[in-house]
Amino acid sequence: MKGDHRAGEGGTQCTVLWTEGQGEKEKGQAGGPRARQRPHALWRLLDCSGDMVGLDTYVQERPFALQLVVWFLRGVSRVILANNPLSGALILAALLWASPWQGVLGTVGVLASMLTAILIGQDGAEVTAGLHGYNGMLVSLLMGVFSSAGDWYWWLLLPACLGAAACTFLYSGLSPVLDRWDLPVAVFPFNIVIVLYLLVTRPDNPYFPHYPSLPVGALQANATELNTAQLLQGIFLGVGQIFACDSLGPSLLILGATLLYSPLQALHAVLGSAAGTLAGLSVAVRHGSLYSGLSGFNGALGCMCVGGLFFTFSWRSHLFAIATAFLCSYVDIAFSNLLGTIGLPACSWAATLVVTLMLLLTGRGLAAYRIPVGQVRSPEHNLSSRSQWKAGNTLDPDSTVV
Amino acid sequence: MKGDHRAGEGGTQCTVLWTEGQGEKEKGQAGGPRARQRPHALWRLLDCSGDMVGLDTYVQERPFALQLVVWFLRGVSRVILANNPLSGALILAALLWASPWQGVLGTVGVLASMLTAILIGQDGAEVTAGLHGYNGMLVSLLMGVFSSAGDWYWWLLLPACLGAAACTFLYSGLSPVLDRWDLPVAVFPFNIVIVLYLLVTRPDNPYFPHYPSLPVGALQANATELNTAQLLQGIFLGVGQIFACDSLGPSLLILGATLLYSPLQALHAVLGSAAGTLAGLSVAVRHGSLYSGLSGFNGALGCMCVGGLFFTFSWRSHLFAIATAFLCSYVDIAFSNLLGTIGLPACSWAATLVVTLMLLLTGRGLAAYRIPVGQVRSPEHNLSSRSQWKAGNTLDPDSTVV
Amino acid sequence: MKGDHRAGEGGTQCTVLWTEGQGEKEKGQAGGPRARQRPHALWRLLDCSGDMVGLDTYVQERPFALQLVVWFLRGVSRVILANNPLSGALILAALLWASPWQGVLGTVGVLASMLTAILIGQDGAEVTAGLHGYNGMLVSLLMGVFSSAGDWYWWLLLPACLGAAACTFLYSGLSPVLDRWDLPVAVFPFNIVIVLYLLVTRPDNPYFPHYPSLPVGALQANATELNTAQLLQGIFLGVGQIFACDSLGPSLLILGATLLYSPLQALHAVLGSAAGTLAGLSVAVRHGSLYSGLSGFNGALGCMCVGGLFFTFSWRSHLFAIATAFLCSYVDIAFSNLLGTIGLPACSWAATLVVTLMLLLTGRGLAAYRIPVGQVRSPEHNLSSRSQWKAGNTLDPDSTVV
């Protein structure tokens, strides 16, 4: 296990750039000097997984353009709850593979969002950690997917930039409210902005027309037998649907990017997507929704958040993660049926709200595993920090779970 | 008055099991030893009304099954804002009388909710006080009422259990948020879960079909003269509608259960239901809604909460209670018209939101009578605690209103 | 500049009656004695602009009826974010000019709201500052505008009074929640109450019928060329639409009332309305919405709040104000399209929510200019307080921006 190996080193990689503020001061002390002492190839590979905190120290002395690329790629990986520039690069490749236009839109979204954050004077640590990028990326990707004006409709970059900028405003405004209960802002800004955009530009808008959404529970005219192969494929497409991508190859590449960040997270993504498909079957949603992975992606998001990311991995939090996946999926079906009546998609409202609920739970069964939002790292790192802490090893002070 | 009598005894019954945490430690000191010293029949009857805190001490040394029954019955009575196992038993009898299938569903709902609470490690004091039962009960009752698959459709137990479990999750997650303003979680979980359930399973669902709801303001095809007798009957049915019960006999039995807990509460229930009927008349809602008591039950809930339960009873809080009943009823009509456009019922959203608003009021006229949520008991007990406290009698330290 | 002049006097007018509580005690010390020493005509005119705090000291020794009139007129001016009895009088004149019936309704709304506030024991300083009037006024004005029963339908006074009273309840209940983040209650109560009223009384209600609203994005049957003159007129009508007034003369008078309170505020009102019209053009809303000023008034409200009122005026907050105006307008179009599907108007939900968001922003670019809600005065006064404070002149302790 990667985590155990690190723990043995005495916590040299404890620089958490994206914990707001706190991580900054510790960077110079611990992370920097030893991070480049590792000679072996295996260790180098391990350095490429997890949060890659060593990289931040490395690029700090490099040109600004390189730093910007790292921030940008972290922002891309944040969508799938990772924080790893290499994962971000893989995901970007997957998007460009699926549709070059979508890749361009996503890139513009992240950049517009990050630039706005710098302009309105957001905390620098938040920007470098890519926290002001993923919402903007999702907004511009979804604008592209729903647009009925076809690919390479350049005017779409205008609302994409404005929407991404609005996400940064919402992120900045929502954080003091959610901070009271130590909750992450998550993808609330994306969900709000995309719904507002689709409402502003109704399907028949002369400048920015878009496809209306259909409730997933709508009766199917000529329902056929379930196709098991397509159903299984839908589970993997569910991971890609987090980026509104519905081709198998790119979806698997995105899953690979998650695997690079954290095997535990990739496992939960697939489990969650499968749970979502089961939930969809149990209430007879449209087959198209199951095949395309739309039934699964909320489950995948919920499962990843609870199983290892915001809670230390254990058999208990694992069970809770599966329960969360089912809950997310049912709530998603409800939202899809509700918003579908006025032609709106359910986006990831379900996962966002249910995960927020799980983070608020007071029952000892789950709350005992809760990791403060400012100390969240990759699931494997969270796990090893906790074992260390339990063993009375307090050499790694920033990862103790209070 | 029962309350004055108790006050004279020096507050022997001051054990508040369901105030989270605080009540626990005081139990052994005050409540236990003297509660069983009362010899007379009248006193025994009085012991059966109010919060019956003596019973908790009694069953503590009895088998677990008996304790479970007491917790269960407290949970049932919580729906009507009571906390009395005998009231719970009467209500269960009323439900079984109205429809055995509904009685079974309600029982399953309470048990599923309580079991989930124990599984996720909720506070023991909350479970024993029945706080993790009433939301689950309401969800399963309403699922049964809206189901168009007929009685004894056993598959319905599946969503009933899941919905009741989801209520416990919501209860646990909402409490830290509402605690900031000392607000009760009330029936928010029920209202959220039942709306989501009805959205997930649209009316034409192949497995769990249900009847769609109609806006109460919808124009009536052939409106007839108002029937005064039916209107009066509707006022009493309004109390039964809190349990989704629309037969007169069981409704009166439920009113009797409230009377057993607290005469003041029963009075306010009827007053509130009457106010709701008047409000319905003033904006010409469908006659069916008036006759069935659906116009009245939100008013009844709001009136009970403000008139004596969360506020000490006085002529002022009494007037506020009636104002609340009207406000609840109008808001309920608005919600019914809003949600009815997509076939959803308004449930008790109106009462829940309006009572939450009243609890937040800062005006001295009402806020002066506010009782901290952790110290709420039966209206009569609240009243006597306050008189005692006003008289400088501080023998009953846990009921002082700070 | 008026502000500089005042600053030179050493802050004699620092009595802020409507900062809750704090202002009270300082009144006797600073404001009173010197306020009547000014002999010159110019100074007298200046005394009539801004918050007119000297007047409060003046009327304190006068009959109660006169005090009530001042409170009432402050309440009227609050709608347009001013706090000046003379502005209030001008606005009332404008409303009576546009439609006497609307003037009567507005007056009744303010009075019902204020009376309720006194009855439920709200803080006296809030009442004297007119904080419990503007929501009630807006509710009754909008009830009149939407009513399809014609002018002088006296029964409408009943819901107008009840709605205005409900506003006071909502104001009182929302303030402890919003206070946690130092947010103003703003027009949340009005927006909630008017939507509920229109939902309770559907368009075809036999007692209180009203016109349904249309989504602004609805396709126009026979769209014609844009009329530039009408478009320009629409910008000024946007200021009047804050009071649901759509005639040019009264709208200009209302703009004049804003100018009297603060030239900066009037400038931002026009700028915001223009931004709203541009936003409407960019997504092709109905021409009627542009011509009537309905597209502009949310932008005007948002622009006024950010540009000088809740943030010290500077080129930065000025840019933010224009961004806010665009954001408000787009959100307003979205809400109008959403609520229009069920025949409801978007009211000023957009401006209220977006301004709340801007007040929550944590980015240093804007947050540095934030003025605590309790210390907000007229933009010019805010500006001079800040210059003084920056210059190290601490003679005016209550206007320091912490």
# chains A, B, ... in the order shown; residues from 1 in each chain; ligands from 1

call {"tool": "closest_atom_pairs", "arguments": {"of": "chain A", "to": "chain B", "cutoff": "8 Å", "atoms": "only C-alpha atoms", "output": "CSV"}}
result
residue,atom,partner,partner_atom,distance
A:Trp181,CA,B:Val177,CA,7.4
A:Gly217,CA,B:Arg202,CA,6.9
A:Leu219,CA,B:Asp204,CA,7.8
A:Val283,CA,B:Thr201,CA,6.7
A:Ala284,CA,B:Pro206,CA,7.3
A:Tyr330,CA,B:Val200,CA,6.6
A:Val331,CA,B:Leu196,CA,6.5
A:Ile333,CA,B:Val200,CA,5.5
A:Ala334,CA,B:Val200,CA,4.2
A:Phe335,CA,B:Leu199,CA,7.4
A:Asn337,CA,B:Leu199,CA,6.2
A:Leu338,CA,B:Leu199,CA,6.5
A:Thr341,CA,B:Ile342,CA,7.9
A:Leu357,CA,B:Gly173,CA,5.3
A:Met358,CA,B:Gly173,CA,6.7
A:Leu359,CA,B:Gly173,CA,7.6
A:Leu360,CA,B:Gly173,CA,4.6
A:Leu361,CA,B:Gly173,CA,4.2
A:Thr362,CA,B:Ser172,CA,5.5
A:Gly363,CA,B:Gln122,CA,4.3
A:Arg364,CA,B:Gly121,CA,4.8
A:Gly365,CA,B:Ile120,CA,4.6
A:Leu366,CA,B:Ile120,CA,6.8

call {"tool": "write_last_selection", "arguments": {"atoms": "N, CA, C and O atoms", "output": "mmCIF file, in the first residue's frame"}}
result
data_model
loop_
_atom_site.group_PDB
_atom_site.id
_atom_site.type_symbol
_atom_site.label_atom_id
_atom_site.label_comp_id
_atom_site.auth_asym_id
_atom_site.auth_seq_id
_atom_site.Cartn_x
_atom_site.Cartn_y
_atom_site.Cartn_z
ATOM 1 N N TRP A 181 -20.825 24.834 8.981
ATOM 2 C CA TRP A 181 -21.016 23.428 9.341
ATOM 3 C C TRP A 181 -19.888 22.568 8.758
ATOM 4 O O TRP A 181 -20.050 21.375 8.600
ATOM 5 N N GLY A 217 -38.452 9.021 -15.772
ATOM 6 C CA GLY A 217 -39.518 8.073 -15.471
ATOM 7 C C GLY A 217 -40.606 8.056 -16.531
ATOM 8 O O GLY A 217 -41.572 7.303 -16.417
ATOM 9 N N LEU A 219 -42.985 7.287 -19.457
ATOM 10 C CA LEU A 219 -43.339 5.979 -20.028
ATOM 11 C C LEU A 219 -42.713 5.834 -21.414
ATOM 12 O O LEU A 219 -42.651 6.778 -22.189
ATOM 13 N N VAL A 283 -37.082 1.041 -10.209
ATOM 14 C CA VAL A 283 -38.281 1.855 -10.416
ATOM 15 C C VAL A 283 -38.575 2.041 -11.900
ATOM 16 O O VAL A 283 -39.310 2.957 -12.279
ATOM 17 N N ALA A 284 -37.959 1.176 -12.723
ATOM 18 C CA ALA A 284 -38.292 1.137 -14.157
ATOM 19 C C ALA A 284 -38.110 2.471 -14.860
ATOM 20 O O ALA A 284 -39.052 3.015 -15.431
ATOM 21 N N TYR A 330 -31.780 7.427 -6.205
ATOM 22 C CA TYR A 330 -33.228 7.623 -6.096
ATOM 23 C C TYR A 330 -33.563 9.115 -6.113
ATOM 24 O O TYR A 330 -34.520 9.544 -6.769
ATOM 25 N N VAL A 331 -32.790 9.908 -5.369
ATOM 26 C CA VAL A 331 -33.060 11.354 -5.350
ATOM 27 C C VAL A 331 -32.864 11.927 -6.752
ATOM 28 O O VAL A 331 -33.610 12.817 -7.190
ATOM 29 N N ILE A 333 -33.416 10.386 -9.591
ATOM 30 C CA ILE A 333 -34.599 10.046 -10.387
ATOM 31 C C ILE A 333 -35.740 11.013 -10.046
ATOM 32 O O ILE A 333 -36.438 11.523 -10.926
ATOM 33 N N ALA A 334 -35.883 11.293 -8.729
ATOM 34 C CA ALA A 334 -36.935 12.225 -8.312
ATOM 35 C C ALA A 334 -36.718 13.599 -8.931
ATOM 36 O O ALA A 334 -37.641 14.200 -9.493
ATOM 37 N N PHE A 335 -35.484 14.099 -8.851
ATOM 38 C CA PHE A 335 -35.195 15.424 -9.399
ATOM 39 C C PHE A 335 -35.377 15.445 -10.908
ATOM 40 O O PHE A 335 -35.858 16.427 -11.472
ATOM 41 N N ASN A 337 -37.426 13.636 -12.660
ATOM 42 C CA ASN A 337 -38.862 13.662 -12.949
ATOM 43 C C ASN A 337 -39.447 15.035 -12.672
ATOM 44 O O ASN A 337 -40.350 15.498 -13.384
ATOM 45 N N LEU A 338 -38.935 15.692 -11.608
ATOM 46 C CA LEU A 338 -39.448 17.017 -11.254
ATOM 47 C C LEU A 338 -39.010 18.052 -12.278
ATOM 48 O O LEU A 338 -39.828 18.771 -12.863
ATOM 49 N N THR A 341 -40.222 17.988 -16.014
ATOM 50 C CA THR A 341 -41.538 18.501 -16.411
ATOM 51 C C THR A 341 -41.427 19.884 -17.034
ATOM 52 O O THR A 341 -42.319 20.311 -17.758
ATOM 53 N N LEU A 357 -25.765 16.094 3.085
ATOM 54 C CA LEU A 357 -26.515 15.495 4.195
ATOM 55 C C LEU A 357 -25.661 14.505 4.975
ATOM 56 O O LEU A 357 -25.645 14.516 6.214
ATOM 57 N N MET A 358 -24.930 13.635 4.243
ATOM 58 C CA MET A 358 -24.122 12.626 4.921
ATOM 59 C C MET A 358 -23.027 13.283 5.763
ATOM 60 O O MET A 358 -22.656 12.797 6.825
ATOM 61 N N LEU A 359 -22.494 14.404 5.275
ATOM 62 C CA LEU A 359 -21.446 15.094 6.022
ATOM 63 C C LEU A 359 -22.000 15.724 7.296
ATOM 64 O O LEU A 359 -21.262 16.011 8.238
ATOM 65 N N LEU A 360 -23.315 15.951 7.315
ATOM 66 C CA LEU A 360 -23.939 16.574 8.485
ATOM 67 C C LEU A 360 -24.375 15.552 9.529
ATOM 68 O O LEU A 360 -24.692 15.919 10.657
ATOM 69 N N LEU A 361 -24.421 14.269 9.138
ATOM 70 C CA LEU A 361 -24.939 13.233 10.043
ATOM 71 C C LEU A 361 -24.262 13.291 11.403
ATOM 72 O O LEU A 361 -23.051 13.434 11.495
ATOM 73 N N THR A 362 -25.073 13.175 12.451
ATOM 74 C CA THR A 362 -24.511 13.231 13.793
ATOM 75 C C THR A 362 -24.335 11.854 14.424
ATOM 76 O O THR A 362 -23.676 11.740 15.440
ATOM 77 N N GLY A 363 -24.939 10.830 13.821
ATOM 78 C CA GLY A 363 -24.832 9.490 14.387
ATOM 79 C C GLY A 363 -23.376 9.050 14.488
ATOM 80 O O GLY A 363 -22.608 9.227 13.552
ATOM 81 N N ARG A 364 -23.008 8.463 15.622
ATOM 82 C CA ARG A 364 -21.617 8.069 15.837
ATOM 83 C C ARG A 364 -21.121 7.075 14.802
ATOM 84 O O ARG A 364 -19.929 7.010 14.507
ATOM 85 N N GLY A 365 -22.044 6.268 14.256
ATOM 86 C CA GLY A 365 -21.645 5.233 13.310
ATOM 87 C C GLY A 365 -20.878 5.777 12.126
ATOM 88 O O GLY A 365 -19.974 5.117 11.606
ATOM 89 N N LEU A 366 -21.217 6.968 11.677
ATOM 90 C CA LEU A 366 -20.523 7.544 10.530
ATOM 91 C C LEU A 366 -19.685 8.756 10.927
ATOM 92 O O LEU A 366 -18.557 8.929 10.452
#

call {"tool": "select_by_dssp", "arguments": {"residues": "region 333-397 of chain A", "states": "alpha helix (DSSP H)", "output": "NGL selection string"}}
result
:A and (333-340 or 349-360 or 364-367 or 379-390)

call {"tool": "atom_distance", "arguments": {"atom1": "CA of Asn382 (chain A)", "atom2": "CA of Ile254 (chain A)"}}
result
22.4 Å

call {"tool": "residues_around", "arguments": {"residues": "region 133-138 of chain C", "least_positions_apart": "2", "cutoff": "8 Å", "atoms": "only C-alpha atoms", "output": "ChimeraX atom specification"}}
result
/C:72,75-79,105-114,130-131,140-142,163-165,167-168,187,189-190,243

call {"tool": "write_last_selection", "arguments": {"atoms": "N, CA, C and O atoms", "output": "short mmCIF file (atom, residue, chain, number, x, y, z; two decimals), in the first residue's frame"}}
result
data_model
loop_
_atom_site.label_atom_id
_atom_site.label_comp_id
_atom_site.auth_asym_id
_atom_site.auth_seq_id
_atom_site.Cartn_x
_atom_site.Cartn_y
_atom_site.Cartn_z
N PHE C 72 -43.46 56.63 8.60
CA PHE C 72 -44.18 56.14 7.44
C PHE C 72 -43.43 56.50 6.15
O PHE C 72 -43.21 55.65 5.28
N GLY C 75 -40.36 54.58 5.62
CA GLY C 75 -40.73 53.24 5.15
C GLY C 75 -40.95 53.23 3.65
O GLY C 75 -40.52 52.32 2.95
N VAL C 76 -41.64 54.29 3.13
CA VAL C 76 -41.90 54.36 1.69
C VAL C 76 -40.58 54.47 0.92
O VAL C 76 -40.37 53.79 -0.09
N SER C 77 -39.67 55.30 1.42
CA SER C 77 -38.42 55.52 0.68
C SER C 77 -37.51 54.29 0.75
O SER C 77 -36.66 54.10 -0.11
N ARG C 78 -37.69 53.46 1.75
CA ARG C 78 -36.88 52.25 1.91
C ARG C 78 -36.99 51.32 0.71
O ARG C 78 -36.08 50.53 0.44
N VAL C 79 -38.13 51.38 0.01
CA VAL C 79 -38.32 50.48 -1.11
C VAL C 79 -37.21 50.66 -2.14
O VAL C 79 -36.69 49.72 -2.71
N LEU C 105 -53.47 51.87 -1.73
CA LEU C 105 -53.04 50.52 -1.38
C LEU C 105 -51.66 50.55 -0.72
O LEU C 105 -51.43 49.91 0.31
N GLY C 106 -50.73 51.30 -1.34
CA GLY C 106 -49.38 51.37 -0.78
C GLY C 106 -49.38 51.93 0.63
O GLY C 106 -48.73 51.40 1.53
N THR C 107 -50.17 52.99 0.84
CA THR C 107 -50.25 53.59 2.17
C THR C 107 -50.77 52.59 3.19
O THR C 107 -50.22 52.44 4.28
N VAL C 108 -51.85 51.89 2.81
CA VAL C 108 -52.42 50.88 3.71
C VAL C 108 -51.39 49.81 4.03
O VAL C 108 -51.25 49.37 5.18
N GLY C 109 -50.63 49.40 3.02
CA GLY C 109 -49.63 48.35 3.22
C GLY C 109 -48.58 48.76 4.22
O GLY C 109 -48.27 48.01 5.16
N VAL C 110 -48.04 49.97 4.07
CA VAL C 110 -47.01 50.43 5.01
C VAL C 110 -47.58 50.48 6.42
O VAL C 110 -46.96 49.99 7.38
N LEU C 111 -48.78 51.05 6.56
CA LEU C 111 -49.36 51.21 7.89
C LEU C 111 -49.65 49.86 8.54
O LEU C 111 -49.36 49.66 9.72
N ALA C 112 -50.23 48.93 7.75
CA ALA C 112 -50.54 47.61 8.32
C ALA C 112 -49.27 46.93 8.80
O ALA C 112 -49.23 46.29 9.86
N SER C 113 -48.21 47.06 8.02
CA SER C 113 -46.95 46.42 8.37
C SER C 113 -46.36 47.04 9.64
O SER C 113 -45.92 46.33 10.55
N MET C 114 -46.37 48.37 9.72
CA MET C 114 -45.81 49.05 10.89
C MET C 114 -46.61 48.74 12.15
O MET C 114 -46.05 48.50 13.21
N GLY C 130 -38.39 52.85 9.70
CA GLY C 130 -39.19 52.43 8.54
C GLY C 130 -38.84 51.06 8.01
O GLY C 130 -39.25 50.69 6.91
N LEU C 131 -38.10 50.27 8.80
CA LEU C 131 -37.71 48.95 8.30
C LEU C 131 -38.90 48.00 8.20
O LEU C 131 -38.85 47.02 7.47
N SER C 140 -48.73 45.14 -1.03
CA SER C 140 -50.06 45.66 -1.36
C SER C 140 -50.06 46.30 -2.75
O SER C 140 -51.05 46.19 -3.47
N LEU C 141 -48.95 46.96 -3.13
CA LEU C 141 -48.88 47.52 -4.48
C LEU C 141 -49.01 46.43 -5.53
O LEU C 141 -49.77 46.54 -6.49
N LEU C 142 -48.26 45.34 -5.33
CA LEU C 142 -48.29 44.26 -6.33
C LEU C 142 -49.65 43.57 -6.36
O LEU C 142 -50.12 43.14 -7.42
N GLY C 163 -51.40 40.46 4.08
CA GLY C 163 -50.10 40.23 3.46
C GLY C 163 -49.03 41.12 4.06
O GLY C 163 -47.91 40.67 4.33
N ALA C 164 -49.39 42.38 4.30
CA ALA C 164 -48.42 43.30 4.89
C ALA C 164 -48.05 42.85 6.29
O ALA C 164 -46.88 42.92 6.70
N ALA C 165 -49.04 42.35 7.04
CA ALA C 165 -48.76 41.85 8.38
C ALA C 165 -47.85 40.63 8.31
O ALA C 165 -46.90 40.49 9.10
N CYS C 167 -45.64 40.04 6.15
CA CYS C 167 -44.29 40.52 5.86
C CYS C 167 -43.53 40.81 7.14
O CYS C 167 -42.35 40.50 7.27
N THR C 168 -44.23 41.45 8.09
CA THR C 168 -43.56 41.79 9.35
C THR C 168 -43.16 40.53 10.09
O THR C 168 -42.06 40.46 10.66
N VAL C 187 -35.79 42.44 0.68
CA VAL C 187 -37.18 42.24 0.29
C VAL C 187 -37.55 40.76 0.20
O VAL C 187 -38.46 40.39 -0.53
N PRO C 189 -39.15 39.07 2.53
CA PRO C 189 -40.55 38.90 2.94
C PRO C 189 -41.53 39.24 1.83
O PRO C 189 -42.48 38.48 1.57
N PHE C 190 -41.32 40.35 1.15
CA PHE C 190 -42.23 40.73 0.06
C PHE C 190 -42.29 39.64 -1.00
O PHE C 190 -43.38 39.22 -1.42
N PHE C 243 -41.53 50.17 -8.03
CA PHE C 243 -42.82 50.36 -7.36
C PHE C 243 -43.98 49.86 -8.23
O PHE C 243 -45.11 50.29 -8.05
#

call {"tool": "decode", "arguments": {"residues": "region 95-112 of chain B", "atoms": "N, CA, C and O atoms", "output": "PDB file, in the first residue's frame"}}
result
ATOM      1  N   LEU B  95     -55.848   3.881  14.132  1.00  0.00           N
ATOM      2  CA  LEU B  95     -55.385   3.589  12.775  1.00  0.00           C
ATOM      3  C   LEU B  95     -55.816   2.190  12.344  1.00  0.00           C
ATOM      4  O   LEU B  95     -56.258   1.974  11.210  1.00  0.00           O
ATOM      5  N   LEU B  96     -55.672   1.223  13.268  1.00  0.00           N
ATOM      6  CA  LEU B  96     -56.078  -0.144  12.947  1.00  0.00           C
ATOM      7  C   LEU B  96     -57.580  -0.209  12.701  1.00  0.00           C
ATOM      8  O   LEU B  96     -58.056  -0.977  11.856  1.00  0.00           O
ATOM      9  N   TRP B  97     -58.322   0.596  13.454  1.00  0.00           N
ATOM     10  CA  TRP B  97     -59.775   0.665  13.285  1.00  0.00           C
ATOM     11  C   TRP B  97     -60.111   1.224  11.896  1.00  0.00           C
ATOM     12  O   TRP B  97     -60.918   0.648  11.157  1.00  0.00           O
ATOM     13  N   ALA B  98     -59.422   2.321  11.524  1.00  0.00           N
ATOM     14  CA  ALA B  98     -59.706   2.940  10.230  1.00  0.00           C
ATOM     15  C   ALA B  98     -59.310   2.012   9.090  1.00  0.00           C
ATOM     16  O   ALA B  98     -60.030   1.872   8.101  1.00  0.00           O
ATOM     17  N   SER B  99     -58.151   1.391   9.187  1.00  0.00           N
ATOM     18  CA  SER B  99     -57.682   0.490   8.141  1.00  0.00           C
ATOM     19  C   SER B  99     -56.532  -0.345   8.683  1.00  0.00           C
ATOM     20  O   SER B  99     -55.457   0.189   8.966  1.00  0.00           O
ATOM     21  N   PRO B 100     -56.742  -1.649   8.832  1.00  0.00           N
ATOM     22  CA  PRO B 100     -55.678  -2.500   9.404  1.00  0.00           C
ATOM     23  C   PRO B 100     -54.377  -2.387   8.603  1.00  0.00           C
ATOM     24  O   PRO B 100     -53.297  -2.371   9.186  1.00  0.00           O
ATOM     25  N   TRP B 101     -54.473  -2.282   7.297  1.00  0.00           N
ATOM     26  CA  TRP B 101     -53.276  -2.203   6.465  1.00  0.00           C
ATOM     27  C   TRP B 101     -52.476  -0.941   6.792  1.00  0.00           C
ATOM     28  O   TRP B 101     -51.251  -0.977   6.897  1.00  0.00           O
ATOM     29  N   GLN B 102     -53.191   0.164   7.011  1.00  0.00           N
ATOM     30  CA  GLN B 102     -52.513   1.394   7.387  1.00  0.00           C
ATOM     31  C   GLN B 102     -51.830   1.240   8.748  1.00  0.00           C
ATOM     32  O   GLN B 102     -50.723   1.731   8.957  1.00  0.00           O
ATOM     33  N   GLY B 103     -52.514   0.544   9.656  1.00  0.00           N
ATOM     34  CA  GLY B 103     -51.916   0.303  10.970  1.00  0.00           C
ATOM     35  C   GLY B 103     -50.615  -0.464  10.847  1.00  0.00           C
ATOM     36  O   GLY B 103     -49.620  -0.146  11.495  1.00  0.00           O
ATOM     37  N   VAL B 104     -50.626  -1.495   9.981  1.00  0.00           N
ATOM     38  CA  VAL B 104     -49.409  -2.297   9.780  1.00  0.00           C
ATOM     39  C   VAL B 104     -48.304  -1.434   9.182  1.00  0.00           C
ATOM     40  O   VAL B 104     -47.160  -1.445   9.643  1.00  0.00           O
ATOM     41  N   LEU B 105     -48.662  -0.667   8.153  1.00  0.00           N
ATOM     42  CA  LEU B 105     -47.669   0.197   7.504  1.00  0.00           C
ATOM     43  C   LEU B 105     -47.046   1.170   8.507  1.00  0.00           C
ATOM     44  O   LEU B 105     -45.825   1.336   8.561  1.00  0.00           O
ATOM     45  N   GLY B 106     -47.903   1.799   9.321  1.00  0.00           N
ATOM     46  CA  GLY B 106     -47.408   2.762  10.305  1.00  0.00           C
ATOM     47  C   GLY B 106     -46.436   2.102  11.276  1.00  0.00           C
ATOM     48  O   GLY B 106     -45.371   2.641  11.576  1.00  0.00           O
ATOM     49  N   THR B 107     -46.820   0.906  11.759  1.00  0.00           N
ATOM     50  CA  THR B 107     -45.965   0.185  12.698  1.00  0.00           C
ATOM     51  C   THR B 107     -44.605  -0.110  12.067  1.00  0.00           C
ATOM     52  O   THR B 107     -43.551   0.107  12.683  1.00  0.00           O
ATOM     53  N   VAL B 108     -44.625  -0.596  10.824  1.00  0.00           N
ATOM     54  CA  VAL B 108     -43.380  -0.905  10.131  1.00  0.00           C
ATOM     55  C   VAL B 108     -42.529   0.359   9.986  1.00  0.00           C
ATOM     56  O   VAL B 108     -41.315   0.342  10.188  1.00  0.00           O
ATOM     57  N   GLY B 109     -43.185   1.474   9.673  1.00  0.00           N
ATOM     58  CA  GLY B 109     -42.452   2.728   9.498  1.00  0.00           C
ATOM     59  C   GLY B 109     -41.725   3.153  10.755  1.00  0.00           C
ATOM     60  O   GLY B 109     -40.538   3.488  10.719  1.00  0.00           O
ATOM     61  N   VAL B 110     -42.438   3.128  11.881  1.00  0.00           N
ATOM     62  CA  VAL B 110     -41.795   3.526  13.141  1.00  0.00           C
ATOM     63  C   VAL B 110     -40.618   2.615  13.445  1.00  0.00           C
ATOM     64  O   VAL B 110     -39.519   3.073  13.785  1.00  0.00           O
ATOM     65  N   LEU B 111     -40.843   1.295  13.290  1.00  0.00           N
ATOM     66  CA  LEU B 111     -39.780   0.346  13.637  1.00  0.00           C
ATOM     67  C   LEU B 111     -38.572   0.510  12.729  1.00  0.00           C
ATOM     68  O   LEU B 111     -37.426   0.511  13.195  1.00  0.00           O
ATOM     69  N   ALA B 112     -38.799   0.667  11.417  1.00  0.00           N
ATOM     70  CA  ALA B 112     -37.678   0.822  10.482  1.00  0.00           C
ATOM     71  C   ALA B 112     -36.874   2.066  10.826  1.00  0.00           C
ATOM     72  O   ALA B 112     -35.633   2.060  10.796  1.00  0.00           O
TER      73      ALA B 112
END
